[in-house]
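Visitor: What follows is protein-v4.cif; its format and atoms are mmCIF, C-alpha atoms (C1' of nucleotides).
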```cif
data_protein
#
loop_
_atom_site.group_PDB
_atom_site.id
_atom_site.type_symbol
_atom_site.label_atom_id
_atom_site.label_comp_id
_atom_site.auth_asym_id
_atom_site.auth_seq_id
_atom_site.Cartn_x
_atom_site.Cartn_y
_atom_site.Cartn_z
ATOM 1 C CA MET A 1 -4.124 -4.408 -56.485
ATOM 2 C CA ASN A 2 -7.833 -3.818 -56.314
ATOM 3 C CA THR A 3 -9.727 -6.766 -57.746
ATOM 4 C CA GLN A 4 -12.275 -6.528 -54.968
ATOM 5 C CA PRO A 5 -15.955 -6.740 -55.902
ATOM 6 C CA PRO A 6 -17.869 -3.564 -55.009
ATOM 7 C CA LEU A 7 -20.366 -3.702 -52.174
ATOM 8 C CA PRO A 8 -24.087 -3.120 -52.796
ATOM 9 C CA HIS A 9 -25.388 0.379 -52.112
ATOM 10 C CA PRO A 10 -28.886 1.776 -52.619
ATOM 11 C CA ASP A 11 -29.272 4.396 -55.341
ATOM 12 C CA ALA A 12 -29.729 7.924 -54.056
ATOM 13 C CA ASP A 13 -33.428 7.950 -54.903
ATOM 14 C CA GLN A 14 -33.988 4.663 -53.095
ATOM 15 C CA ILE A 15 -32.763 5.977 -49.777
ATOM 16 C CA SER A 16 -35.734 5.944 -47.414
ATOM 17 C CA LEU A 17 -36.218 8.201 -44.430
ATOM 18 C CA PRO A 18 -37.390 5.484 -42.021
ATOM 19 C CA ASN A 19 -34.370 3.364 -42.940
ATOM 20 C CA VAL A 20 -31.995 6.257 -42.422
ATOM 21 C CA LEU A 21 -33.567 7.113 -39.076
ATOM 22 C CA THR A 22 -33.384 3.506 -37.952
ATOM 23 C CA ALA A 23 -29.761 3.324 -39.050
ATOM 24 C CA LEU A 24 -28.906 6.434 -37.028
ATOM 25 C CA GLY A 25 -30.937 5.406 -33.993
ATOM 26 C CA ASP A 26 -28.017 3.677 -32.353
ATOM 27 C CA THR A 27 -25.279 5.253 -30.252
ATOM 28 C CA THR A 28 -22.457 3.355 -31.931
ATOM 29 C CA ARG A 29 -23.606 4.226 -35.436
ATOM 30 C CA LEU A 30 -24.247 7.818 -34.467
ATOM 31 C CA ALA A 31 -20.693 7.957 -33.149
ATOM 32 C CA ILE A 32 -19.405 6.586 -36.447
ATOM 33 C CA ILE A 33 -21.240 9.373 -38.265
ATOM 34 C CA GLY A 34 -19.813 11.869 -35.813
ATOM 35 C CA GLU A 35 -16.253 10.736 -36.480
ATOM 36 C CA LEU A 36 -16.858 10.698 -40.230
ATOM 37 C CA SER A 37 -18.186 14.237 -40.120
ATOM 38 C CA ARG A 38 -15.022 15.471 -38.441
ATOM 39 C CA CYS A 39 -12.373 13.544 -40.383
ATOM 40 C CA GLY A 40 -12.049 15.655 -43.505
ATOM 41 C CA GLY A 41 -13.181 14.566 -46.942
ATOM 42 C CA LEU A 42 -11.171 11.356 -47.201
ATOM 43 C CA GLY A 43 -13.320 9.175 -45.012
ATOM 44 C CA MET A 44 -12.043 6.576 -42.582
ATOM 45 C CA THR A 45 -11.335 2.874 -42.539
ATOM 46 C CA CYS A 46 -13.284 0.422 -40.395
ATOM 47 C CA GLY A 47 -10.251 -0.142 -38.194
ATOM 48 C CA GLN A 48 -10.356 3.478 -37.121
ATOM 49 C CA PHE A 49 -13.690 2.879 -35.397
ATOM 50 C CA THR A 50 -12.443 0.171 -33.067
ATOM 51 C CA ASP A 51 -12.396 2.638 -30.203
ATOM 52 C CA LEU A 52 -16.200 2.468 -30.419
ATOM 53 C CA ALA A 53 -16.804 -1.288 -30.507
ATOM 54 C CA SER A 54 -15.274 -4.640 -31.406
ATOM 55 C CA LYS A 55 -14.127 -5.455 -34.932
ATOM 56 C CA THR A 56 -17.105 -7.730 -35.526
ATOM 57 C CA SER A 57 -19.486 -5.135 -34.204
ATOM 58 C CA ILE A 58 -18.043 -2.451 -36.450
ATOM 59 C CA THR A 59 -18.511 -4.691 -39.474
ATOM 60 C CA TYR A 60 -22.140 -5.089 -38.465
ATOM 61 C CA HIS A 61 -22.810 -1.402 -37.890
ATOM 62 C CA VAL A 62 -21.012 -0.200 -41.005
ATOM 63 C CA SER A 63 -23.094 -2.665 -43.044
ATOM 64 C CA LYS A 64 -26.254 -1.231 -41.550
ATOM 65 C CA LEU A 65 -25.190 2.285 -42.446
ATOM 66 C CA ARG A 66 -24.233 1.208 -45.960
ATOM 67 C CA GLU A 67 -27.491 -0.661 -46.583
ATOM 68 C CA ALA A 68 -29.482 2.353 -45.418
ATOM 69 C CA GLY A 69 -27.572 4.590 -47.823
ATOM 70 C CA VAL A 70 -25.885 6.673 -45.149
ATOM 71 C CA VAL A 71 -22.300 5.779 -46.029
ATOM 72 C CA ASN A 72 -20.336 4.583 -49.000
ATOM 73 C CA VAL A 73 -17.917 1.699 -48.490
ATOM 74 C CA THR A 74 -15.182 0.926 -51.013
ATOM 75 C CA PRO A 75 -12.533 -1.788 -50.740
ATOM 76 C CA GLU A 76 -8.919 -0.568 -50.712
ATOM 77 C CA GLY A 77 -6.544 -3.458 -50.400
ATOM 78 C CA THR A 78 -7.311 -5.155 -47.107
ATOM 79 C CA ARG A 79 -9.229 -2.116 -45.890
ATOM 80 C CA ARG A 80 -12.614 -0.577 -46.453
ATOM 81 C CA ARG A 81 -12.869 3.125 -46.914
ATOM 82 C CA VAL A 82 -16.018 4.554 -45.356
ATOM 83 C CA THR A 83 -17.367 7.949 -46.410
ATOM 84 C CA LEU A 84 -20.537 9.876 -45.652
ATOM 85 C CA ARG A 85 -22.998 10.150 -48.553
ATOM 86 C CA ARG A 86 -23.394 13.837 -47.872
ATOM 87 C CA ASP A 87 -24.594 14.977 -51.271
ATOM 88 C CA ASP A 88 -27.109 12.156 -51.637
ATOM 89 C CA LEU A 89 -28.522 12.722 -48.168
ATOM 90 C CA ASP A 90 -28.630 16.500 -48.558
ATOM 91 C CA HIS A 91 -30.433 16.157 -51.853
ATOM 92 C CA ARG A 92 -32.905 13.664 -50.489
ATOM 93 C CA PHE A 93 -33.484 15.137 -47.005
ATOM 94 C CA PRO A 94 -32.339 18.772 -47.004
ATOM 95 C CA GLY A 95 -31.001 19.990 -43.677
ATOM 96 C CA PHE A 96 -31.331 16.624 -42.030
ATOM 97 C CA LEU A 97 -27.710 15.499 -41.924
ATOM 98 C CA ASP A 98 -26.458 18.885 -40.813
ATOM 99 C CA SER A 99 -28.868 18.966 -37.892
ATOM 100 C CA ILE A 100 -27.812 15.484 -36.850
ATOM 101 C CA ILE A 101 -24.120 16.270 -37.057
ATOM 102 C CA ALA A 102 -24.542 19.477 -35.100
ATOM 103 C CA SER A 103 -26.357 17.606 -32.338
ATOM 104 C CA THR A 104 -23.775 14.845 -32.421
ATOM 105 C CA ALA A 105 -20.902 17.142 -31.535
ATOM 106 C CA ASP A 106 -21.436 16.819 -27.793
ATOM 107 C CA LEU A 107 -22.260 13.139 -27.799
ATOM 108 C CA HIS A 108 -19.864 10.958 -25.824
ATOM 109 C CA ILE A 109 -19.179 7.338 -26.545
ATOM 110 C CA ASP A 110 -16.452 5.311 -24.948
ATOM 111 C CA ARG A 111 -17.112 1.696 -25.754
ATOM 112 C CA GLY A 112 -20.845 1.674 -25.344
ATOM 113 C CA ARG A 113 -21.562 4.374 -22.818
ATOM 114 C CA THR A 114 -23.798 7.266 -23.850
ATOM 115 C CA GLU A 115 -24.814 10.487 -22.203
ATOM 116 C CA MET B 1 -63.845 16.241 -14.885
ATOM 117 C CA ASN B 2 -60.151 15.610 -15.218
ATOM 118 C CA THR B 3 -58.852 13.660 -12.240
ATOM 119 C CA GLN B 4 -56.559 11.695 -14.532
ATOM 120 C CA PRO B 5 -52.961 11.224 -13.426
ATOM 121 C CA PRO B 6 -50.483 12.804 -15.848
ATOM 122 C CA LEU B 7 -48.293 10.516 -17.940
ATOM 123 C CA PRO B 8 -44.507 10.530 -17.518
ATOM 124 C CA HIS B 9 -42.545 12.639 -19.996
ATOM 125 C CA PRO B 10 -38.801 13.284 -20.153
ATOM 126 C CA ASP B 11 -37.676 16.835 -19.397
ATOM 127 C CA ALA B 12 -36.570 18.799 -22.438
ATOM 128 C CA ASP B 13 -32.896 18.486 -21.510
ATOM 129 C CA GLN B 14 -33.201 14.748 -21.067
ATOM 130 C CA ILE B 15 -34.348 14.146 -24.620
ATOM 131 C CA SER B 16 -31.610 12.132 -26.323
ATOM 132 C CA LEU B 17 -30.889 12.131 -30.025
ATOM 133 C CA PRO B 18 -30.484 8.344 -30.372
ATOM 134 C CA ASN B 19 -33.816 7.825 -28.610
ATOM 135 C CA VAL B 20 -35.544 10.335 -30.847
ATOM 136 C CA LEU B 21 -34.071 8.778 -33.976
ATOM 137 C CA THR B 22 -35.094 5.314 -32.849
ATOM 138 C CA ALA B 23 -38.589 6.569 -32.084
ATOM 139 C CA LEU B 24 -38.879 8.070 -35.569
ATOM 140 C CA GLY B 25 -37.338 5.106 -37.342
ATOM 141 C CA ASP B 26 -40.666 3.409 -37.875
ATOM 142 C CA THR B 27 -43.152 4.073 -40.659
ATOM 143 C CA THR B 28 -46.190 4.127 -38.388
ATOM 144 C CA ARG B 29 -44.635 6.565 -35.936
ATOM 145 C CA LEU B 30 -43.312 8.709 -38.749
ATOM 146 C CA ALA B 31 -46.839 8.838 -40.144
ATOM 147 C CA ILE B 32 -48.154 9.910 -36.738
ATOM 148 C CA ILE B 33 -45.625 12.755 -36.728
ATOM 149 C CA GLY B 34 -46.676 13.653 -40.250
ATOM 150 C CA GLU B 35 -50.341 13.891 -39.290
ATOM 151 C CA LEU B 36 -49.484 15.868 -36.173
ATOM 152 C CA SER B 37 -47.440 18.326 -38.211
ATOM 153 C CA ARG B 38 -50.391 19.027 -40.507
ATOM 154 C CA CYS B 39 -53.226 19.172 -37.978
ATOM 155 C CA GLY B 40 -52.880 22.716 -36.648
ATOM 156 C CA GLY B 41 -51.753 23.577 -33.149
ATOM 157 C CA LEU B 42 -54.377 21.634 -31.220
ATOM 158 C CA GLY B 43 -52.930 18.185 -31.639
ATOM 159 C CA MET B 44 -54.902 15.019 -32.191
ATOM 160 C CA THR B 45 -56.379 12.213 -30.152
ATOM 161 C CA CYS B 46 -55.166 8.628 -30.366
ATOM 162 C CA GLY B 47 -58.379 7.576 -32.039
ATOM 163 C CA GLN B 48 -57.576 9.799 -34.993
ATOM 164 C CA PHE B 49 -54.584 7.627 -35.831
ATOM 165 C CA THR B 50 -56.549 4.424 -36.272
ATOM 166 C CA ASP B 51 -56.255 4.750 -40.036
ATOM 167 C CA LEU B 52 -52.584 3.914 -39.511
ATOM 168 C CA ALA B 53 -52.806 0.866 -37.252
ATOM 169 C CA SER B 54 -54.971 -0.958 -34.695
ATOM 170 C CA LYS B 55 -55.999 0.671 -31.424
ATOM 171 C CA THR B 56 -53.558 -1.442 -29.430
ATOM 172 C CA SER B 57 -50.754 -0.671 -31.842
ATOM 173 C CA ILE B 58 -51.414 3.046 -31.636
ATOM 174 C CA THR B 59 -51.223 2.902 -27.847
ATOM 175 C CA TYR B 60 -47.855 1.216 -28.205
ATOM 176 C CA HIS B 61 -46.454 3.668 -30.755
ATOM 177 C CA VAL B 62 -47.722 6.792 -29.020
ATOM 178 C CA SER B 63 -46.082 5.557 -25.811
ATOM 179 C CA LYS B 64 -42.798 5.151 -27.647
ATOM 180 C CA LEU B 65 -43.021 8.685 -28.992
ATOM 181 C CA ARG B 66 -43.932 10.039 -25.569
ATOM 182 C CA GLU B 67 -41.115 8.207 -23.780
ATOM 183 C CA ALA B 68 -38.617 9.493 -26.326
ATOM 184 C CA GLY B 69 -39.826 13.060 -25.765
ATOM 185 C CA VAL B 70 -41.207 13.544 -29.259
ATOM 186 C CA VAL B 71 -44.816 14.116 -28.261
ATOM 187 C CA ASN B 72 -46.776 15.292 -25.280
ATOM 188 C CA VAL B 73 -49.793 13.245 -24.197
ATOM 189 C CA THR B 74 -52.435 14.667 -21.858
ATOM 190 C CA PRO B 75 -55.614 12.961 -20.683
ATOM 191 C CA GLU B 76 -58.863 14.670 -21.627
ATOM 192 C CA GLY B 77 -61.808 12.742 -20.364
ATOM 193 C CA THR B 78 -61.701 9.362 -22.057
ATOM 194 C CA ARG B 79 -59.254 10.663 -24.663
ATOM 195 C CA ARG B 80 -55.586 11.433 -24.872
ATOM 196 C CA ARG B 81 -54.507 14.572 -26.619
ATOM 197 C CA VAL B 82 -51.256 14.133 -28.512
ATOM 198 C CA THR B 83 -49.139 17.120 -29.513
ATOM 199 C CA LEU B 84 -45.687 17.533 -31.026
ATOM 200 C CA ARG B 85 -43.038 18.868 -28.643
ATOM 201 C CA ARG B 86 -41.938 21.325 -31.300
ATOM 202 C CA ASP B 87 -40.259 23.888 -29.089
ATOM 203 C CA ASP B 88 -38.398 21.337 -27.008
ATOM 204 C CA LEU B 89 -37.147 19.492 -30.078
ATOM 205 C CA ASP B 90 -36.203 22.680 -31.915
ATOM 206 C CA HIS B 91 -34.293 23.902 -28.908
ATOM 207 C CA ARG B 92 -32.516 20.625 -28.423
ATOM 208 C CA PHE B 93 -31.874 19.683 -32.070
ATOM 209 C CA PRO B 94 -32.227 22.803 -34.228
ATOM 210 C CA GLY B 95 -33.495 22.169 -37.732
ATOM 211 C CA PHE B 96 -34.009 18.489 -37.144
ATOM 212 C CA LEU B 97 -37.778 18.317 -36.827
ATOM 213 C CA ASP B 98 -38.356 20.632 -39.764
ATOM 214 C CA SER B 99 -36.195 18.519 -42.042
ATOM 215 C CA ILE B 100 -38.043 15.383 -40.971
ATOM 216 C CA ILE B 101 -41.450 16.916 -41.489
ATOM 217 C CA ALA B 102 -40.494 18.253 -44.911
ATOM 218 C CA SER B 103 -39.327 14.804 -45.991
ATOM 219 C CA THR B 104 -42.422 13.221 -44.495
ATOM 220 C CA ALA B 105 -44.826 15.117 -46.705
ATOM 221 C CA ASP B 106 -44.700 12.603 -49.556
ATOM 222 C CA LEU B 107 -44.520 9.487 -47.406
ATOM 223 C CA HIS B 108 -47.127 6.806 -47.966
ATOM 224 C CA ILE B 109 -48.442 4.536 -45.283
ATOM 225 C CA ASP B 110 -49.839 1.032 -45.526
ATOM 226 C CA ARG B 111 -53.215 1.150 -43.913
ATOM 227 C CA GLY B 112 -55.186 3.638 -45.904
ATOM 228 C CA ARG B 113 -55.118 7.095 -47.305
ATOM 229 C CA THR B 114 -52.407 9.665 -47.715
ATOM 230 C CA GLU B 115 -54.476 12.402 -46.107
ATOM 231 C "C1'" DT C 1 7.585 -17.810 -48.927
ATOM 232 C "C1'" DC C 2 5.397 -16.830 -44.472
ATOM 233 C "C1'" DA C 3 3.486 -13.837 -41.081
ATOM 234 C "C1'" DT C 4 0.793 -9.775 -40.267
ATOM 235 C "C1'" DT C 5 -2.868 -6.679 -40.939
ATOM 236 C "C1'" DT C 6 -7.675 -5.862 -42.018
ATOM 237 C "C1'" DG C 7 -11.914 -7.166 -42.165
ATOM 238 C "C1'" DT C 8 -15.791 -10.847 -42.936
ATOM 239 C "C1'" DT C 9 -18.664 -14.844 -41.848
ATOM 240 C "C1'" DC C 10 -21.044 -17.795 -38.850
ATOM 241 C "C1'" DA C 11 -23.680 -19.643 -34.984
ATOM 242 C "C1'" DA C 12 -25.248 -18.521 -30.754
ATOM 243 C "C1'" DC C 13 -27.295 -15.700 -27.132
ATOM 244 C "C1'" DG C 14 -30.498 -12.757 -24.673
ATOM 245 C "C1'" DA C 15 -33.002 -8.534 -25.510
ATOM 246 C "C1'" DT C 16 -36.158 -5.768 -27.638
ATOM 247 C "C1'" DC C 17 -39.450 -5.052 -31.431
ATOM 248 C "C1'" DA C 18 -44.265 -4.625 -33.546
ATOM 249 C "C1'" DT C 19 -48.455 -6.955 -33.788
ATOM 250 C "C1'" DT C 20 -52.653 -9.463 -32.288
ATOM 251 C "C1'" DG C 21 -56.971 -10.470 -29.556
ATOM 252 C "C1'" DA C 22 -59.217 -10.681 -25.346
ATOM 253 C "C1'" DA C 23 -60.238 -8.551 -21.218
ATOM 254 C "C1'" DC C 24 -60.336 -4.476 -18.770
ATOM 255 C "C1'" DT C 25 -60.990 0.623 -16.839
ATOM 256 C "C1'" DA C 26 -62.618 5.206 -16.912
ATOM 257 C "C1'" DA C 27 -65.540 8.912 -18.489
ATOM 258 C "C1'" DG C 28 -69.832 10.590 -20.723
ATOM 259 C "C1'" DG C 29 -74.398 10.514 -22.482
ATOM 260 C "C1'" DA C 30 -79.150 8.592 -22.628
ATOM 261 C "C1'" DT D 1 -78.834 3.351 -14.222
ATOM 262 C "C1'" DC D 2 -77.128 1.166 -18.533
ATOM 263 C "C1'" DC D 3 -74.652 1.714 -22.718
ATOM 264 C "C1'" DT D 4 -71.208 3.584 -25.550
ATOM 265 C "C1'" DT D 5 -66.786 5.591 -26.502
ATOM 266 C "C1'" DA D 6 -61.728 5.827 -25.864
ATOM 267 C "C1'" DG D 7 -57.982 3.883 -24.608
ATOM 268 C "C1'" DT D 8 -54.993 0.544 -21.685
ATOM 269 C "C1'" DT D 9 -53.134 -3.835 -20.090
ATOM 270 C "C1'" DC D 10 -51.727 -8.412 -20.697
ATOM 271 C "C1'" DA D 11 -49.815 -12.648 -22.664
ATOM 272 C "C1'" DA D 12 -48.333 -14.589 -26.720
ATOM 273 C "C1'" DT D 13 -45.894 -14.680 -31.047
ATOM 274 C "C1'" DG D 14 -42.399 -14.300 -34.603
ATOM 275 C "C1'" DA D 15 -39.008 -11.110 -36.136
ATOM 276 C "C1'" DT D 16 -35.124 -8.346 -35.740
ATOM 277 C "C1'" DC D 17 -31.503 -6.358 -32.824
ATOM 278 C "C1'" DG D 18 -26.577 -5.918 -31.070
ATOM 279 C "C1'" DT D 19 -22.902 -8.573 -29.094
ATOM 280 C "C1'" DT D 20 -19.481 -12.256 -28.664
ATOM 281 C "C1'" DG D 21 -15.794 -15.577 -30.065
ATOM 282 C "C1'" DA D 22 -13.936 -18.607 -33.244
ATOM 283 C "C1'" DA D 23 -12.745 -19.473 -37.763
ATOM 284 C "C1'" DC D 24 -11.875 -17.707 -42.155
ATOM 285 C "C1'" DA D 25 -10.186 -14.893 -46.461
ATOM 286 C "C1'" DA D 26 -7.600 -11.530 -48.891
ATOM 287 C "C1'" DA D 27 -4.007 -8.203 -49.584
ATOM 288 C "C1'" DT D 28 0.417 -6.556 -47.860
ATOM 289 C "C1'" DG D 29 5.222 -6.558 -46.443
ATOM 290 C "C1'" DA D 30 9.300 -8.861 -44.762
#
```
Could you render the structure from this file as structure tokens?
Guide:
Amino acid sequence: MNTQPPLPHPDADQISLPNVLTALGDTTRLAIIGELSRCGGLGMTCGQFTDLASKTSITYHVSKLREAGVVNVTPEGTRRRVTLRRDDLDHRFPGFLDSIIASTADLHIDRGRTE
Amino acid sequence: MNTQPPLPHPDADQISLPNVLTALGDTTRLAIIGELSRCGGLGMTCGQFTDLASKTSITYHVSKLREAGVVNVTPEGTRRRVTLRRDDLDHRFPGFLDSIIASTADLHIDRGRTE
DNA sequence: TCATTTGTTCAACGATCATTGAACTAAGGA
DNA sequence: TCCTTAGTTCAATGATCGTTGAACAAATGA
């Protein structure tokens, strides 16, 4: 069952642009956002990002994205479901996320290598 | 006269999204972009940013923005004229800069006045 | 029950960050 | 010429970054 304590997330109106930009200014985290944007509305689990970096590293990066207010993370059994905070970001910074995602489409990452 | 050597800038097609995001993920640099976006087409000199940080700090931040391809810096006598690379950024990441600038309008910075 | 799956925590590490103050260069104006 | 203005360079500092591996915890499934 789910007796897991929820993880801390900033409220929508506390999401700050510099924090979001810093969170996205990393190839691994940008790749996570890219995968999330293409996965359909259900989100992904942390384990599904292990093509991008090690388990420990993914934990680190997903935390950064969560703390910046870019993603929502909810425990589901032994897993964590990660979803984009699309509505919150669109409301706060209109057009921003879409422009990022569009420019992320052609970004390659295979374990640390960028273009 | 202007016998100053030009400073190195990345070509438009070498501007990378992670680098741009990293460059903008700092309150001082975001404030520089904000001032540049509101100054008219002529750009500004480094000295005009000293309400945001010390002279040395401004040199550092403007270099970061230049190296990331966000601004153009050209020597003019003893000064450096700093301009936004609007066209290059719009071409490379459509809609991105506009969304940033719009969200920058109400951003407050430490060292002094809003405008 | 016991093993597996999923993910976290921790300490360590080298690297980069943003800032400071002092010293410096280059151009212009008197 | 001397002085001022505008900005850079440098070394130092403390902070944060992103990664690793080992150990750990919690839920699941046999």
Visitor: Using only C-alpha atoms (C1' of nucleotides), which residues sit within 9 Å of Leu21 in chain B once same-chain residues fewer than 2 positions away are excluded, as a PDB file with C-alpha atoms, keeping the file's coordinate frame?
Guide:
```
ATOM      1  CA  LEU A  21     -33.567   7.113 -39.076  1.00  0.00           C
ATOM      2  CA  THR A  22     -33.384   3.506 -37.952  1.00  0.00           C
ATOM      3  CA  ALA A  23     -29.761   3.324 -39.050  1.00  0.00           C
ATOM      4  CA  LEU A  24     -28.906   6.434 -37.028  1.00  0.00           C
ATOM      5  CA  GLY A  25     -30.937   5.406 -33.993  1.00  0.00           C
ATOM      6  CA  ASP A  26     -28.017   3.677 -32.353  1.00  0.00           C
TER       7      ASP A  26
ATOM      8  CA  SER B  16     -31.610  12.132 -26.323  1.00  0.00           C
ATOM      9  CA  LEU B  17     -30.889  12.131 -30.025  1.00  0.00           C
ATOM     10  CA  PRO B  18     -30.484   8.344 -30.372  1.00  0.00           C
ATOM     11  CA  ASN B  19     -33.816   7.825 -28.610  1.00  0.00           C
ATOM     12  CA  ALA B  23     -38.589   6.569 -32.084  1.00  0.00           C
ATOM     13  CA  LEU B  24     -38.879   8.070 -35.569  1.00  0.00           C
ATOM     14  CA  GLY B  25     -37.338   5.106 -37.342  1.00  0.00           C
ATOM     15  CA  ALA B  68     -38.617   9.493 -26.326  1.00  0.00           C
TER      16      ALA B  68
END
```
Visitor: Distance cut-off 10 Å, counting only C-alpha atoms (C1' of nucleotides) - which residues of chain D neighbour chain B? Return them as a PDB file with C-alpha atoms (C1' of nucleotides), keeping the file's coordinate frame.
Guide:
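Dumped to selection_25.pdb:
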```
ATOM      1  C1'  DT D   5     -66.786   5.591 -26.502  1.00  0.00           C
ATOM      2  C1'  DA D   6     -61.728   5.827 -25.864  1.00  0.00           C
ATOM      3  C1'  DG D   7     -57.982   3.883 -24.608  1.00  0.00           C
ATOM      4  C1'  DT D   8     -54.993   0.544 -21.685  1.00  0.00           C
ATOM      5  C1'  DT D   9     -53.134  -3.835 -20.090  1.00  0.00           C
TER       6       DT D   9
END
```
Visitor: Quick one, how far is CA of Gly69 in chain A from CA of Ile15 in chain A?
Guide: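 Separating CA of Gly69 in chain A from CA of Ile15 in chain A is a distance of 5.7 Å.
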Visitor: Any chance you could work out the residue set of the PyMOL selection byres ((chain C) within 7 of (chain B)) here, as a PyMOL selection string?
Guide: chain C and resi 19+26-27
Visitor: Based on the selection just made, write C-alpha atoms (C1' of nucleotides) of those residues as a compact mmCIF listing (two decimals), in the coordinates of the input.
Guide:
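Dumped to out_37.txt:
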```txt
# COMPACT_ATOMS: atom_id res chain seq x y z
C1' DT C 19 -48.46 -6.96 -33.79
C1' DA C 26 -62.62 5.21 -16.91
C1' DA C 27 -65.54 8.91 -18.49
```
Visitor: Please give the root-mean-square deviation of the Cα atoms once chain B has been least-squares fitted onto chain A, pairing every Cα in order.
Guide: 2.0 Å
Visitor: Find the residues of chain A in contact range of chain B, meaning any atom within 12 Å when counting only C-alpha atoms, and list them as number ranges by chain.
Guide: A: 15-31, 68, 89-109, 114-115
Visitor: Once the PyMOL selection byres ((chain C and resi 22) around 10) has been applied to the shown file, what residues remain in the selection, as a PyMOL selection string?
Guide: (chain C and resi 20-21+23-24) or (chain D and resi 10-11)
Visitor: Record the distance separating CA of Arg66 in chain B and C1' of DT19 in chain D, expressed in Å with one decimal.
Guide: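 According to the coordinates, CA of Arg66 in chain B and C1' of DT19 in chain D are separated by 28.3 Å.
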Visitor: Please, what distance in Å, to one decimal, runs between CA of Val82 in chain A and C1' of DA3 in chain C?
Guide: 27.1 Å
Visitor: Can you list what the PyMOL selection byres ((chain D and resi 15) around 9) grabs from this structure, as a list of chain:residue names?
Guide: C:DC17, C:DA18, D:DG14, D:DT16
Visitor: Give me a file of those residues, with C-alpha atoms (C1' of nucleotides), as a PDB file, keeping the file's coordinate frame.
Guide:
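In the end it all went to out37.pdb:
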```pdb
ATOM      1  C1'  DC C  17     -39.450  -5.052 -31.431  1.00  0.00           C
ATOM      2  C1'  DA C  18     -44.265  -4.625 -33.546  1.00  0.00           C
TER       3       DA C  18
ATOM      4  C1'  DG D  14     -42.399 -14.300 -34.603  1.00  0.00           C
ATOM      5  C1'  DT D  16     -35.124  -8.346 -35.740  1.00  0.00           C
TER       6       DT D  16
END
```
Visitor: Mind writing range 59-89 of chain A to a file for me, with C-alpha atoms, as an mmCIF file, in the first residue's frame?
Guide:
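Output file result_1.cif is given in full below:
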```
data_model
loop_
_atom_site.group_PDB
_atom_site.id
_atom_site.type_symbol
_atom_site.label_atom_id
_atom_site.label_comp_id
_atom_site.auth_asym_id
_atom_site.auth_seq_id
_atom_site.Cartn_x
_atom_site.Cartn_y
_atom_site.Cartn_z
ATOM 1 C CA THR A 59 17.995 10.655 -7.686
ATOM 2 C CA TYR A 60 20.082 13.810 -7.470
ATOM 3 C CA HIS A 61 18.810 15.360 -10.687
ATOM 4 C CA VAL A 62 15.160 14.518 -10.098
ATOM 5 C CA SER A 63 15.434 16.155 -6.660
ATOM 6 C CA LYS A 64 16.812 19.287 -8.263
ATOM 7 C CA LEU A 65 13.942 19.399 -10.722
ATOM 8 C CA ARG A 66 11.413 18.793 -7.954
ATOM 9 C CA GLU A 67 12.855 21.467 -5.659
ATOM 10 C CA ALA A 68 12.797 23.983 -8.500
ATOM 11 C CA GLY A 69 9.140 23.199 -9.169
ATOM 12 C CA VAL A 70 9.690 21.723 -12.612
ATOM 13 C CA VAL A 71 8.395 18.233 -11.854
ATOM 14 C CA ASN A 72 6.066 16.549 -9.436
ATOM 15 C CA VAL A 73 7.269 13.380 -7.721
ATOM 16 C CA THR A 74 4.849 11.006 -6.003
ATOM 17 C CA PRO A 75 5.705 7.706 -4.320
ATOM 18 C CA GLU A 76 4.022 4.617 -5.794
ATOM 19 C CA GLY A 77 5.081 1.521 -3.955
ATOM 20 C CA THR A 78 8.829 1.223 -4.384
ATOM 21 C CA ARG A 79 8.778 3.667 -7.284
ATOM 22 C CA ARG A 80 8.523 7.389 -7.756
ATOM 23 C CA ARG A 81 6.293 8.728 -10.443
ATOM 24 C CA VAL A 82 7.720 11.837 -12.080
ATOM 25 C CA THR A 83 5.500 14.226 -14.033
ATOM 26 C CA LEU A 84 6.033 17.629 -15.608
ATOM 27 C CA ARG A 85 4.297 20.524 -13.833
ATOM 28 C CA ARG A 86 3.030 21.798 -17.148
ATOM 29 C CA ASP A 87 0.071 23.823 -15.951
ATOM 30 C CA ASP A 88 1.996 25.489 -13.134
ATOM 31 C CA LEU A 89 4.890 26.395 -15.404
#
```
